[in-house]
>>> print(open('work.cif').read())   # mmCIF, N, CA and C atoms
data_start
#
loop_
_atom_site.label_atom_id
_atom_site.label_comp_id
_atom_site.auth_asym_id
_atom_site.auth_seq_id
_atom_site.Cartn_x
_atom_site.Cartn_y
_atom_site.Cartn_z
N MET U 1 0.84 -1.18 0.00
CA MET U 1 0.00 0.00 0.00
C MET U 1 0.89 1.24 0.00
N LYS U 2 0.50 2.24 -0.74
CA LYS U 2 1.22 3.51 -0.78
C LYS U 2 0.80 4.34 0.43
N VAL U 3 1.80 4.79 1.22
CA VAL U 3 1.49 5.51 2.46
C VAL U 3 2.38 6.74 2.61
N LEU U 4 1.93 7.65 3.47
CA LEU U 4 2.74 8.77 3.93
C LEU U 4 2.76 8.65 5.45
N ILE U 5 3.96 8.53 6.01
CA ILE U 5 4.11 8.41 7.46
C ILE U 5 5.08 9.48 7.92
N VAL U 6 4.73 10.17 9.00
CA VAL U 6 5.62 11.16 9.59
C VAL U 6 5.97 10.69 10.99
N LEU U 7 7.24 10.47 11.23
CA LEU U 7 7.75 10.07 12.55
C LEU U 7 8.52 11.27 13.09
N ASP U 8 7.99 11.89 14.12
CA ASP U 8 8.56 13.12 14.65
C ASP U 8 9.37 12.86 15.91
N ASP U 9 10.54 13.48 15.99
CA ASP U 9 11.40 13.44 17.16
C ASP U 9 11.82 12.01 17.53
N VAL U 10 12.24 11.27 16.55
CA VAL U 10 12.72 9.90 16.77
C VAL U 10 14.12 9.98 17.37
N ASN U 11 14.35 9.26 18.47
CA ASN U 11 15.68 9.30 19.07
C ASN U 11 16.21 7.92 19.47
N HIS U 12 15.49 6.85 19.10
CA HIS U 12 15.96 5.49 19.41
C HIS U 12 15.74 4.58 18.20
N ARG U 13 16.69 3.72 17.96
CA ARG U 13 16.60 2.78 16.85
C ARG U 13 15.34 1.91 16.95
N GLN U 14 14.95 1.56 18.18
CA GLN U 14 13.76 0.72 18.38
C GLN U 14 12.49 1.40 17.84
N GLN U 15 12.42 2.71 17.97
CA GLN U 15 11.27 3.43 17.44
C GLN U 15 11.19 3.25 15.92
N LEU U 16 12.31 3.41 15.26
CA LEU U 16 12.34 3.24 13.81
C LEU U 16 12.01 1.82 13.40
N GLU U 17 12.58 0.86 14.09
CA GLU U 17 12.33 -0.54 13.76
C GLU U 17 10.86 -0.91 13.91
N ALA U 18 10.24 -0.42 14.98
CA ALA U 18 8.83 -0.76 15.23
C ALA U 18 7.88 -0.08 14.25
N LEU U 19 8.20 1.14 13.83
CA LEU U 19 7.25 1.91 13.03
C LEU U 19 7.55 1.92 11.53
N ALA U 20 8.80 1.72 11.17
CA ALA U 20 9.18 1.75 9.75
C ALA U 20 10.30 0.76 9.49
N GLY U 21 10.11 -0.45 9.94
CA GLY U 21 11.15 -1.46 9.95
C GLY U 21 11.92 -1.68 8.67
N ASN U 22 11.24 -1.83 7.55
CA ASN U 22 11.92 -2.24 6.34
C ASN U 22 11.27 -1.56 5.14
N HIS U 23 12.06 -1.31 4.11
CA HIS U 23 11.52 -0.67 2.90
C HIS U 23 10.37 -1.47 2.29
N ASN U 24 10.43 -2.78 2.38
CA ASN U 24 9.41 -3.60 1.73
C ASN U 24 8.08 -3.65 2.50
N TRP U 25 8.00 -2.99 3.63
CA TRP U 25 6.73 -2.89 4.38
C TRP U 25 5.72 -2.01 3.64
N PHE U 26 6.22 -1.13 2.79
CA PHE U 26 5.37 -0.10 2.20
C PHE U 26 5.40 -0.20 0.68
N GLY U 27 4.30 0.22 0.06
CA GLY U 27 4.19 0.16 -1.39
C GLY U 27 5.04 1.18 -2.10
N ARG U 28 5.18 0.95 -3.40
CA ARG U 28 5.95 1.85 -4.26
C ARG U 28 5.35 3.27 -4.18
N GLY U 29 6.23 4.28 -4.07
CA GLY U 29 5.79 5.66 -4.00
C GLY U 29 5.49 6.14 -2.59
N SER U 30 5.65 5.27 -1.60
CA SER U 30 5.42 5.67 -0.21
C SER U 30 6.49 6.65 0.23
N ARG U 31 6.13 7.49 1.19
CA ARG U 31 7.06 8.45 1.77
C ARG U 31 7.03 8.32 3.28
N ILE U 32 8.19 8.15 3.87
CA ILE U 32 8.32 8.12 5.31
C ILE U 32 9.22 9.30 5.69
N ILE U 33 8.68 10.24 6.43
CA ILE U 33 9.42 11.42 6.85
C ILE U 33 9.79 11.24 8.31
N ILE U 34 11.07 11.37 8.61
CA ILE U 34 11.57 11.16 9.97
C ILE U 34 12.27 12.42 10.43
N THR U 35 11.84 12.95 11.57
CA THR U 35 12.58 14.07 12.15
C THR U 35 13.34 13.54 13.36
N THR U 36 14.60 13.92 13.44
CA THR U 36 15.45 13.45 14.53
C THR U 36 16.64 14.39 14.67
N ARG U 37 17.19 14.40 15.86
CA ARG U 37 18.46 15.10 16.09
C ARG U 37 19.62 14.10 16.00
N GLU U 38 19.28 12.83 15.89
CA GLU U 38 20.26 11.76 15.88
C GLU U 38 20.54 11.31 14.45
N ARG U 39 21.43 12.02 13.78
CA ARG U 39 21.75 11.73 12.38
C ARG U 39 22.19 10.27 12.19
N ARG U 40 22.86 9.73 13.20
CA ARG U 40 23.36 8.35 13.10
C ARG U 40 22.23 7.35 12.87
N LEU U 41 21.04 7.63 13.41
CA LEU U 41 19.89 6.74 13.19
C LEU U 41 19.54 6.66 11.71
N LEU U 42 19.61 7.78 11.03
CA LEU U 42 19.29 7.81 9.60
C LEU U 42 20.36 7.09 8.80
N ILE U 43 21.61 7.21 9.23
CA ILE U 43 22.71 6.52 8.56
C ILE U 43 22.56 5.01 8.75
N GLU U 44 22.30 4.58 9.99
CA GLU U 44 22.11 3.15 10.28
C GLU U 44 20.93 2.58 9.51
N LYS U 45 19.87 3.37 9.37
CA LYS U 45 18.65 2.92 8.69
C LYS U 45 18.81 2.94 7.18
N GLU U 46 19.89 3.54 6.69
CA GLU U 46 20.15 3.66 5.26
C GLU U 46 18.97 4.29 4.53
N VAL U 47 18.55 5.44 5.02
CA VAL U 47 17.44 6.15 4.39
C VAL U 47 17.84 6.61 3.00
N ASP U 48 16.86 6.83 2.16
CA ASP U 48 17.13 7.20 0.76
C ASP U 48 17.67 8.61 0.62
N ALA U 49 17.19 9.53 1.45
CA ALA U 49 17.62 10.92 1.34
C ALA U 49 17.47 11.60 2.69
N THR U 50 18.31 12.61 2.93
CA THR U 50 18.19 13.38 4.16
C THR U 50 18.14 14.86 3.81
N TYR U 51 17.54 15.62 4.70
CA TYR U 51 17.50 17.07 4.56
C TYR U 51 17.75 17.64 5.94
N GLU U 52 18.76 18.48 6.04
CA GLU U 52 19.08 19.10 7.32
C GLU U 52 18.45 20.49 7.36
N VAL U 53 17.59 20.71 8.35
CA VAL U 53 16.92 21.99 8.49
C VAL U 53 17.92 23.00 9.02
N LYS U 54 17.98 24.13 8.36
CA LYS U 54 18.89 25.19 8.79
C LYS U 54 18.23 26.00 9.90
N GLU U 55 19.05 26.49 10.82
CA GLU U 55 18.55 27.36 11.87
C GLU U 55 18.12 28.69 11.26
N LEU U 56 17.13 29.32 11.88
CA LEU U 56 16.71 30.63 11.43
C LEU U 56 17.79 31.65 11.73
N ASP U 57 18.04 32.55 10.78
CA ASP U 57 18.93 33.65 11.12
C ASP U 57 18.10 34.69 11.88
N GLU U 58 18.74 35.72 12.35
CA GLU U 58 18.06 36.70 13.21
C GLU U 58 16.89 37.37 12.50
N ASP U 59 17.06 37.70 11.23
CA ASP U 59 15.98 38.34 10.48
C ASP U 59 14.78 37.41 10.30
N GLU U 60 15.06 36.14 9.99
CA GLU U 60 13.97 35.16 9.82
C GLU U 60 13.24 34.94 11.14
N ALA U 61 14.00 34.86 12.24
CA ALA U 61 13.40 34.67 13.55
C ALA U 61 12.50 35.86 13.90
N LEU U 62 12.99 37.05 13.63
CA LEU U 62 12.21 38.26 13.91
C LEU U 62 10.94 38.29 13.07
N MET U 63 11.05 37.92 11.81
CA MET U 63 9.88 37.91 10.94
C MET U 63 8.83 36.89 11.43
N LEU U 64 9.28 35.71 11.83
CA LEU U 64 8.36 34.69 12.34
C LEU U 64 7.68 35.16 13.63
N PHE U 65 8.47 35.73 14.52
CA PHE U 65 7.90 36.22 15.78
C PHE U 65 6.87 37.33 15.51
N ARG U 66 7.22 38.28 14.68
CA ARG U 66 6.30 39.39 14.38
C ARG U 66 5.02 38.90 13.71
N GLN U 67 5.15 37.87 12.88
CA GLN U 67 4.00 37.31 12.20
C GLN U 67 2.95 36.86 13.23
N HIS U 68 3.40 36.33 14.35
CA HIS U 68 2.47 35.84 15.37
C HIS U 68 2.13 36.90 16.42
N ALA U 69 3.07 37.77 16.71
CA ALA U 69 2.84 38.79 17.74
C ALA U 69 2.00 39.96 17.22
N PHE U 70 2.07 40.22 15.90
CA PHE U 70 1.37 41.38 15.35
C PHE U 70 0.41 41.00 14.22
N LYS U 71 0.30 39.73 13.92
CA LYS U 71 -0.60 39.23 12.85
C LYS U 71 -0.40 39.99 11.55
N HIS U 72 0.83 40.03 11.09
CA HIS U 72 1.23 40.59 9.79
C HIS U 72 1.19 42.12 9.71
N LYS U 73 0.85 42.79 10.80
CA LYS U 73 0.91 44.25 10.80
C LYS U 73 2.31 44.65 11.28
N PRO U 74 2.86 45.73 10.73
CA PRO U 74 4.18 46.16 11.22
C PRO U 74 4.07 46.64 12.67
N PRO U 75 5.06 46.31 13.48
CA PRO U 75 5.00 46.74 14.88
C PRO U 75 5.23 48.24 15.03
N ILE U 76 4.64 48.79 16.06
CA ILE U 76 4.88 50.19 16.40
C ILE U 76 6.32 50.29 16.91
N GLU U 77 6.95 51.42 16.68
CA GLU U 77 8.35 51.63 17.06
C GLU U 77 8.61 51.25 18.52
N ASP U 78 7.64 51.50 19.39
CA ASP U 78 7.79 51.20 20.82
C ASP U 78 8.06 49.72 21.09
N PHE U 79 7.69 48.85 20.16
CA PHE U 79 7.78 47.42 20.37
C PHE U 79 9.07 46.80 19.83
N VAL U 80 9.86 47.56 19.09
CA VAL U 80 11.06 47.01 18.44
C VAL U 80 12.03 46.42 19.46
N GLN U 81 12.35 47.17 20.50
CA GLN U 81 13.28 46.68 21.52
C GLN U 81 12.67 45.49 22.29
N LEU U 82 11.36 45.53 22.48
CA LEU U 82 10.68 44.42 23.18
C LEU U 82 10.75 43.14 22.34
N CYS U 83 10.67 43.29 21.02
CA CYS U 83 10.81 42.13 20.13
C CYS U 83 12.20 41.50 20.29
N ASP U 84 13.22 42.34 20.41
CA ASP U 84 14.58 41.83 20.62
C ASP U 84 14.67 41.02 21.91
N ARG U 85 14.03 41.50 22.95
CA ARG U 85 14.02 40.77 24.23
C ARG U 85 13.31 39.43 24.08
N ALA U 86 12.22 39.41 23.33
CA ALA U 86 11.48 38.17 23.10
C ALA U 86 12.33 37.18 22.31
N LEU U 87 13.04 37.67 21.29
CA LEU U 87 13.92 36.79 20.50
C LEU U 87 15.02 36.20 21.37
N ASN U 88 15.58 37.01 22.22
CA ASN U 88 16.62 36.54 23.13
C ASN U 88 16.07 35.45 24.07
N TYR U 89 14.87 35.65 24.55
CA TYR U 89 14.25 34.68 25.46
C TYR U 89 14.01 33.33 24.79
N THR U 90 13.55 33.35 23.54
CA THR U 90 13.21 32.11 22.84
C THR U 90 14.40 31.43 22.19
N LYS U 91 15.55 32.10 22.19
CA LYS U 91 16.77 31.56 21.57
C LYS U 91 16.60 31.26 20.09
N GLY U 92 15.61 31.91 19.45
CA GLY U 92 15.41 31.75 18.01
C GLY U 92 14.76 30.44 17.59
N ILE U 93 14.25 29.68 18.53
CA ILE U 93 13.62 28.39 18.20
C ILE U 93 12.22 28.66 17.64
N PRO U 94 11.94 28.20 16.41
CA PRO U 94 10.69 28.55 15.75
C PRO U 94 9.42 28.31 16.57
N LEU U 95 9.27 27.14 17.15
CA LEU U 95 8.04 26.88 17.91
C LEU U 95 7.92 27.79 19.12
N ALA U 96 9.03 28.06 19.78
CA ALA U 96 9.02 28.97 20.93
C ALA U 96 8.66 30.39 20.47
N LEU U 97 9.15 30.81 19.31
CA LEU U 97 8.81 32.12 18.76
C LEU U 97 7.31 32.23 18.50
N LYS U 98 6.74 31.18 17.94
CA LYS U 98 5.30 31.17 17.66
C LYS U 98 4.49 31.25 18.95
N ILE U 99 4.85 30.43 19.92
CA ILE U 99 4.11 30.39 21.18
C ILE U 99 4.15 31.75 21.87
N LEU U 100 5.34 32.31 22.00
CA LEU U 100 5.46 33.60 22.69
C LEU U 100 4.79 34.72 21.88
N GLY U 101 4.94 34.68 20.57
CA GLY U 101 4.29 35.69 19.73
C GLY U 101 2.77 35.67 19.90
N CYS U 102 2.19 34.48 19.88
CA CYS U 102 0.74 34.36 20.08
C CYS U 102 0.34 34.81 21.48
N PHE U 103 1.17 34.50 22.45
CA PHE U 103 0.90 34.87 23.84
C PHE U 103 0.87 36.40 24.01
N LEU U 104 1.75 37.10 23.29
CA LEU U 104 1.84 38.56 23.42
C LEU U 104 0.94 39.32 22.46
N TYR U 105 0.32 38.61 21.54
CA TYR U 105 -0.52 39.25 20.53
C TYR U 105 -1.62 40.12 21.17
N ASN U 106 -1.77 41.31 20.62
CA ASN U 106 -2.84 42.23 20.99
C ASN U 106 -2.75 42.74 22.44
N ARG U 107 -1.55 42.76 22.97
CA ARG U 107 -1.33 43.30 24.32
C ARG U 107 -0.65 44.66 24.21
N SER U 108 -0.82 45.45 25.23
CA SER U 108 -0.22 46.79 25.25
C SER U 108 1.29 46.70 25.51
N LYS U 109 1.98 47.81 25.29
CA LYS U 109 3.42 47.87 25.56
C LYS U 109 3.68 47.56 27.02
N LYS U 110 2.87 48.11 27.90
CA LYS U 110 3.04 47.88 29.33
C LYS U 110 2.87 46.39 29.67
N GLU U 111 1.91 45.73 29.03
CA GLU U 111 1.71 44.29 29.25
C GLU U 111 2.90 43.49 28.72
N TRP U 112 3.42 43.87 27.57
CA TRP U 112 4.61 43.21 27.03
C TRP U 112 5.77 43.32 28.02
N GLU U 113 6.02 44.55 28.48
CA GLU U 113 7.12 44.76 29.42
C GLU U 113 6.94 43.91 30.67
N SER U 114 5.73 43.91 31.18
CA SER U 114 5.43 43.14 32.39
C SER U 114 5.64 41.64 32.16
N GLU U 115 5.11 41.14 31.04
CA GLU U 115 5.23 39.70 30.75
C GLU U 115 6.68 39.30 30.51
N LEU U 116 7.43 40.11 29.76
CA LEU U 116 8.83 39.77 29.49
C LEU U 116 9.66 39.82 30.76
N GLU U 117 9.34 40.73 31.65
CA GLU U 117 10.03 40.80 32.95
C GLU U 117 9.66 39.58 33.80
N ARG U 118 8.38 39.23 33.78
CA ARG U 118 7.90 38.07 34.55
C ARG U 118 8.55 36.77 34.04
N LEU U 119 8.77 36.69 32.73
CA LEU U 119 9.37 35.49 32.16
C LEU U 119 10.78 35.24 32.67
N LYS U 120 11.46 36.30 33.11
CA LYS U 120 12.79 36.13 33.71
C LYS U 120 12.70 35.35 35.01
N ARG U 121 11.61 35.58 35.75
CA ARG U 121 11.43 34.95 37.06
C ARG U 121 10.64 33.65 36.97
N ILE U 122 9.57 33.68 36.19
CA ILE U 122 8.67 32.53 36.07
C ILE U 122 8.50 32.22 34.59
N PRO U 123 9.25 31.26 34.07
CA PRO U 123 9.20 30.97 32.64
C PRO U 123 7.82 30.49 32.17
N ASN U 124 7.49 30.80 30.92
CA ASN U 124 6.27 30.31 30.28
C ASN U 124 6.46 28.81 30.07
N LYS U 125 5.52 28.00 30.59
CA LYS U 125 5.68 26.54 30.56
C LYS U 125 5.79 26.00 29.14
N GLU U 126 4.94 26.48 28.23
CA GLU U 126 4.99 25.98 26.85
C GLU U 126 6.33 26.28 26.20
N VAL U 127 6.81 27.50 26.36
CA VAL U 127 8.09 27.88 25.78
C VAL U 127 9.22 27.08 26.43
N GLN U 128 9.17 26.93 27.74
CA GLN U 128 10.21 26.17 28.44
C GLN U 128 10.23 24.71 28.00
N ASP U 129 9.06 24.13 27.75
CA ASP U 129 9.01 22.75 27.26
C ASP U 129 9.71 22.63 25.91
N VAL U 130 9.50 23.62 25.04
CA VAL U 130 10.16 23.61 23.73
C VAL U 130 11.66 23.79 23.91
N LEU U 131 12.07 24.75 24.75
CA LEU U 131 13.50 24.97 24.98
C LEU U 131 14.16 23.76 25.62
N ARG U 132 13.47 23.11 26.56
CA ARG U 132 14.00 21.92 27.23
C ARG U 132 14.20 20.79 26.23
N LYS U 133 13.22 20.60 25.36
CA LYS U 133 13.32 19.54 24.36
C LYS U 133 14.52 19.80 23.45
N SER U 134 14.70 21.05 23.08
CA SER U 134 15.84 21.42 22.24
C SER U 134 17.15 21.19 22.98
N PHE U 135 17.21 21.62 24.24
CA PHE U 135 18.41 21.47 25.05
C PHE U 135 18.75 19.99 25.27
N ASP U 136 17.74 19.19 25.55
CA ASP U 136 17.96 17.77 25.81
C ASP U 136 18.52 17.04 24.60
N GLY U 137 18.32 17.60 23.41
CA GLY U 137 18.85 16.98 22.20
C GLY U 137 20.34 17.18 22.01
N PHE U 138 20.94 18.07 22.79
CA PHE U 138 22.38 18.32 22.69
C PHE U 138 23.17 17.23 23.38
N ASP U 139 24.41 17.00 22.92
CA ASP U 139 25.29 16.10 23.66
C ASP U 139 25.90 16.89 24.82
N ASP U 140 26.62 16.20 25.69
CA ASP U 140 27.15 16.85 26.91
C ASP U 140 28.04 18.06 26.62
N ASN U 141 28.88 17.96 25.59
CA ASN U 141 29.75 19.10 25.25
C ASN U 141 28.94 20.31 24.82
N GLN U 142 27.91 20.08 24.01
CA GLN U 142 27.07 21.18 23.55
C GLN U 142 26.31 21.79 24.74
N LYS U 143 25.86 20.96 25.67
CA LYS U 143 25.15 21.46 26.84
C LYS U 143 26.03 22.38 27.67
N GLU U 144 27.31 22.02 27.79
CA GLU U 144 28.24 22.88 28.52
C GLU U 144 28.37 24.22 27.86
#
>>> encode(input="work.cif", output="C-alpha cells")
Amino acid sequence: MKVLIVLDDVNHRQQLEALAGNHNWFGRGSRIIITTRERRLLIEKEVDATYEVKELDEDEALMLFRQHAFKHKPPIEDFVQLCDRALNYTKGIPLALKILGCFLYNRSKKEWESELERLKRIPNKEVQDVLRKSFDGFDDNQKE
C-alpha cells in the first residue's frame, strides 16, 4: 500500500524498527518522513535521502515572531526593543517564537514589558518545554 508516514522526534533505533522497519513494508511511492536530532539513526537505517533543516537567522526569527505577535501588521516603534528581548528569550527556536508571539498578541506595551520581565522569574511553561526539548537533544559538550 502507498502511504505517507511522519515520525517526529525519533531518538531510538527501536522506534524506527517498530514503526518503519523495512523498505518492503510499504508500497511503491510511499514516503516516510523522519525528524530526529540523531543523524546516526538515519545513517544506520540507510534512508534514501536526508534534509538538514537550517537554523533561522536573526531576520527570519524576527519575521516569524512578528507574524504571530502582530498578525502581519508592522509593529509600532515602541515594540522594536521588546521584540529583541522576546527573540533573546526564545533563543530563536521557531516553535518557541510562535508560542510567545501568540501569547503577546494584541497586548499593550506595558503588558509586554510586564510579561517579558515576569518570564525572567517565572518561565512560560509551553516555551520552556520547547526549549527543554531542544536542550535535551544536545550532547554533553554542547550542553556545557
>>> atom_distance(input="work.cif", atom1="CA of Val53 in chain U", atom2="atom C of Leu116 in chain U")
29.4 Å
>>> closest_residue(input="work.cif", among="U:Asp78, U:Asp84, U:Asp59, U:Asp9", to="Arg37 in chain U", atoms="all atoms listed in the file")
U:Asp9
>>> residues_around(input="work.cif", residues="Tyr51 in chain U", least_positions_apart="4", cutoff="12 Å", atoms="only C-alpha atoms", output="MDAnalysis selection string")
chainID U and resid 33:37 39 42 47
>>> resolve_selection(input="work.cif", expression="the PyMOL selection byres (((chain U and resi 16 and name CA) around 12) and name CA)", output="ChimeraX atom specification")
/U:5-15,17-23,32-36,38,41-42,44-47
>>> residues_around(input="work.cif", residues="range 89-103 of chain U", least_positions_apart="6", cutoff="7 Å", atoms="only N, CA and C atoms", output="compact mmCIF listing (two decimals) with N, CA and C atoms, in the coordinates of the input")
# COMPACT_ATOMS: atom_id res chain seq x y z
N LEU U 56 17.13 29.32 11.88
CA LEU U 56 16.71 30.63 11.43
C LEU U 56 17.79 31.65 11.73
N ALA U 61 14.00 34.86 12.24
CA ALA U 61 13.40 34.67 13.55
C ALA U 61 12.50 35.86 13.90
N LEU U 64 9.28 35.71 11.83
CA LEU U 64 8.36 34.69 12.34
C LEU U 64 7.68 35.16 13.63
N PHE U 65 8.47 35.73 14.52
CA PHE U 65 7.90 36.22 15.78
C PHE U 65 6.87 37.33 15.51
N ARG U 66 7.22 38.28 14.68
CA ARG U 66 6.30 39.39 14.38
C ARG U 66 5.02 38.90 13.71
N GLN U 67 5.15 37.87 12.88
CA GLN U 67 4.00 37.31 12.20
C GLN U 67 2.95 36.86 13.23
N HIS U 68 3.40 36.33 14.35
CA HIS U 68 2.47 35.84 15.37
C HIS U 68 2.13 36.90 16.42
N ALA U 69 3.07 37.77 16.71
CA ALA U 69 2.84 38.79 17.74
C ALA U 69 2.00 39.96 17.22
N PHE U 70 2.07 40.22 15.90
CA PHE U 70 1.37 41.38 15.35
C PHE U 70 0.41 41.00 14.22
N GLU U 126 4.94 26.48 28.23
CA GLU U 126 4.99 25.98 26.85
C GLU U 126 6.33 26.28 26.20
N VAL U 127 6.81 27.50 26.36
CA VAL U 127 8.09 27.88 25.78
C VAL U 127 9.22 27.08 26.43
N VAL U 130 9.50 23.62 25.04
CA VAL U 130 10.16 23.61 23.73
C VAL U 130 11.66 23.79 23.91
N LEU U 131 12.07 24.75 24.75
CA LEU U 131 13.50 24.97 24.98
C LEU U 131 14.16 23.76 25.62
